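Q: Got a structure here, written out as structure tokens. Questions coming.
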Amino acid sequence: MKLTTKGRYGLRAVIDLAVYAKDEPVSLAAVAERQNISISYLEQLIAKLKKAEIVQSTRGAQGGYTLAKAPEEISVGAVLRALEGNLNPVDCVETNGEAPCASSDFCVTKYVWKRISDSINETVDAIFLSELIAESDKVKKRTGEQAFSGAKC
């Protein structure tokens with residue numbers, strides 16, 4: 001499975017908010033500058049994250065964006081699904097008990113795709129923003145720079 005820039009940039013933006021918006025809202029311009037993401041693209045990502053109730057906005061002179069929940073309550077999986085949709089590696093993976101194609105009763109490879117899908121989902125659902133904040137703090141102690149500052153990953 002390969003994530004699009006929506007998933008990669010959106011996760012970086014959420015981590016940025018988790019790190020920098022602990023005490024007060026952060027402007028999109030500040031996030032865009034630190035993460036090297038265009039403001040217009042970041043606005044699109046933030047709209048999806050707001051709809052999924054992962055981030056929230058505050059209006060006014062001191063306004064900006066913060067996480068809508070505690071970092072311990074937001075999984076990487078929730079962020080990626082808000083931005084990418086389901087994380088299945090192929091469209092034929094069964095969802096909600098419904099077979100997506102007419103050949104599913106005879107398809108042997110569906111077991112491969114289901115196991116891959118389950119593994120991906122279990123992994124991203126087990127990683128929380130609080131863990132990524134801790135990793136960011138380790139990077140800052142080691143390098144003197146905050147993690148994800150304009151990173152190209």
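Naming scheme: A, B, ... for chains in displayed order of the structure tokens; residues 1 onward per chain; ligands 1 onward as shown.
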Find the residues near Ile46 (chain A): any atom within 8 Å, counting only C-alpha atoms, skip ones fewer than 4 places away on the same chain, and give them as a PyMOL selection string.

A: chain A and resi 10+42+50+55

Q: Please identify all polymer residues within 8 Å of region 18-26 of chain A, counting only C-alpha atoms, omitting same-chain residues fewer than 4 positions from it, and present them as a list in words.

A: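 Using only C-alpha atoms, the neighbours found are Val14, Ala30, Val31, Ser57, Thr58, Gln62, Gly63, Gly64, Tyr65, Thr66, Leu67, Pro71, Leu129, Ile133 and Ser136 of chain A.
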
Q: Give the helix (DSSP H, G or I) residues of chain A, as DSSP finds them on the backbone, and put them as a PyMOL selection string.

A: chain A and resi 5-20+28-35+39-51+71-73+76-84+110-125+129-143

Q: Those residues with C-alpha atoms, as a CSV table (one decimal), in the first residue's frame please?

A:
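Wrote result.csv, looks like this:
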```csv
chain,number,residue,atom,x,y,z
A,5,THR,CA,0.5,13.1,-0.3
A,6,LYS,CA,-2.9,13.6,1.5
A,7,GLY,CA,-2.0,10.9,4.0
A,8,ARG,CA,1.7,11.8,4.4
A,9,TYR,CA,1.3,15.6,4.6
A,10,GLY,CA,-1.9,15.4,6.7
A,11,LEU,CA,-0.2,13.2,9.3
A,12,ARG,CA,2.7,15.6,9.4
A,13,ALA,CA,0.3,18.5,9.9
A,14,VAL,CA,-1.5,16.7,12.7
A,15,ILE,CA,1.8,15.8,14.4
A,16,ASP,CA,2.8,19.5,14.1
A,17,LEU,CA,-0.4,20.5,15.8
A,18,ALA,CA,0.1,17.9,18.5
A,19,VAL,CA,3.6,19.4,19.2
A,20,TYR,CA,3.0,23.1,18.7
A,28,LEU,CA,-2.2,27.2,9.2
A,29,ALA,CA,0.6,29.6,7.9
A,30,ALA,CA,2.9,28.4,10.8
A,31,VAL,CA,2.1,24.8,10.1
A,32,ALA,CA,2.6,25.3,6.3
A,33,GLU,CA,5.9,26.9,6.8
A,34,ARG,CA,7.3,24.3,9.2
A,35,GLN,CA,6.1,21.4,7.1
A,39,ILE,CA,-1.4,26.7,2.6
A,40,SER,CA,-4.1,26.0,0.0
A,41,TYR,CA,-3.3,22.2,0.1
A,42,LEU,CA,-3.1,22.3,3.9
A,43,GLU,CA,-6.6,23.9,4.0
A,44,GLN,CA,-8.0,21.0,2.1
A,45,LEU,CA,-6.4,18.5,4.5
A,46,ILE,CA,-7.5,20.4,7.6
A,47,ALA,CA,-11.1,20.5,6.2
A,48,LYS,CA,-11.1,16.7,6.1
A,49,LEU,CA,-9.6,16.4,9.5
A,50,LYS,CA,-12.2,18.8,11.0
A,51,LYS,CA,-15.0,16.8,9.5
A,71,PRO,CA,-3.1,12.9,21.6
A,72,GLU,CA,-3.6,9.6,23.5
A,73,GLU,CA,-7.0,9.3,21.9
A,76,VAL,CA,-2.6,7.2,13.2
A,77,GLY,CA,-5.2,5.0,11.6
A,78,ALA,CA,-8.0,7.6,12.3
A,79,VAL,CA,-5.9,10.3,10.8
A,80,LEU,CA,-5.1,8.3,7.7
A,81,ARG,CA,-8.6,7.1,7.2
A,82,ALA,CA,-9.9,10.7,7.5
A,83,LEU,CA,-7.6,11.7,4.7
A,84,GLU,CA,-7.3,8.6,2.5
A,110,LYS,CA,-8.8,-12.5,-1.3
A,111,TYR,CA,-7.2,-14.2,1.8
A,112,VAL,CA,-3.9,-12.6,1.0
A,113,TRP,CA,-5.5,-9.1,0.6
A,114,LYS,CA,-7.5,-9.6,3.8
A,115,ARG,CA,-4.5,-10.5,5.9
A,116,ILE,CA,-2.5,-7.6,4.5
A,117,SER,CA,-5.4,-5.2,5.2
A,118,ASP,CA,-5.9,-6.5,8.7
A,119,SER,CA,-2.2,-6.1,9.4
A,120,ILE,CA,-2.1,-2.6,8.1
A,121,ASN,CA,-5.2,-1.6,10.1
A,122,GLU,CA,-4.0,-3.2,13.3
A,123,THR,CA,-0.7,-1.5,13.0
A,124,VAL,CA,-1.9,2.1,12.3
A,125,ASP,CA,-4.7,1.7,14.9
A,129,LEU,CA,-0.2,10.7,18.4
A,130,SER,CA,1.1,10.7,22.0
A,131,GLU,CA,3.8,8.2,20.9
A,132,LEU,CA,4.8,10.4,17.9
A,133,ILE,CA,5.1,13.4,20.2
A,134,ALA,CA,7.4,11.4,22.4
A,135,GLU,CA,9.5,10.5,19.3
A,136,SER,CA,9.6,14.1,18.3
A,137,ASP,CA,10.8,15.1,21.7
A,138,LYS,CA,13.6,12.5,21.4
A,139,VAL,CA,14.7,13.9,18.1
A,140,LYS,CA,14.7,17.4,19.5
A,141,LYS,CA,16.9,16.3,22.4
A,142,ARG,CA,19.3,14.5,20.1
A,143,THR,CA,19.5,17.0,17.2
```

Q: If you run DSSP on the backbone, which residues of chain A are strand (DSSP E or B), as a list in words?

A: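 Matching residues for strand (DSSP E or B) in chain A are Val26, Val55, Gln56, Ser57, Thr58, Gly64, Tyr65, Thr66, Leu67, Ser75, Thr95, Glu98 and Phe128 of chain A.
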
Q: So the first atom is CA of Gly144 (chain A) and the second is CA of Ile127 (chain A); what is the distance between them in Å, to one decimal place?

A: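 Computing it gives 24.6 Å between the two atoms.
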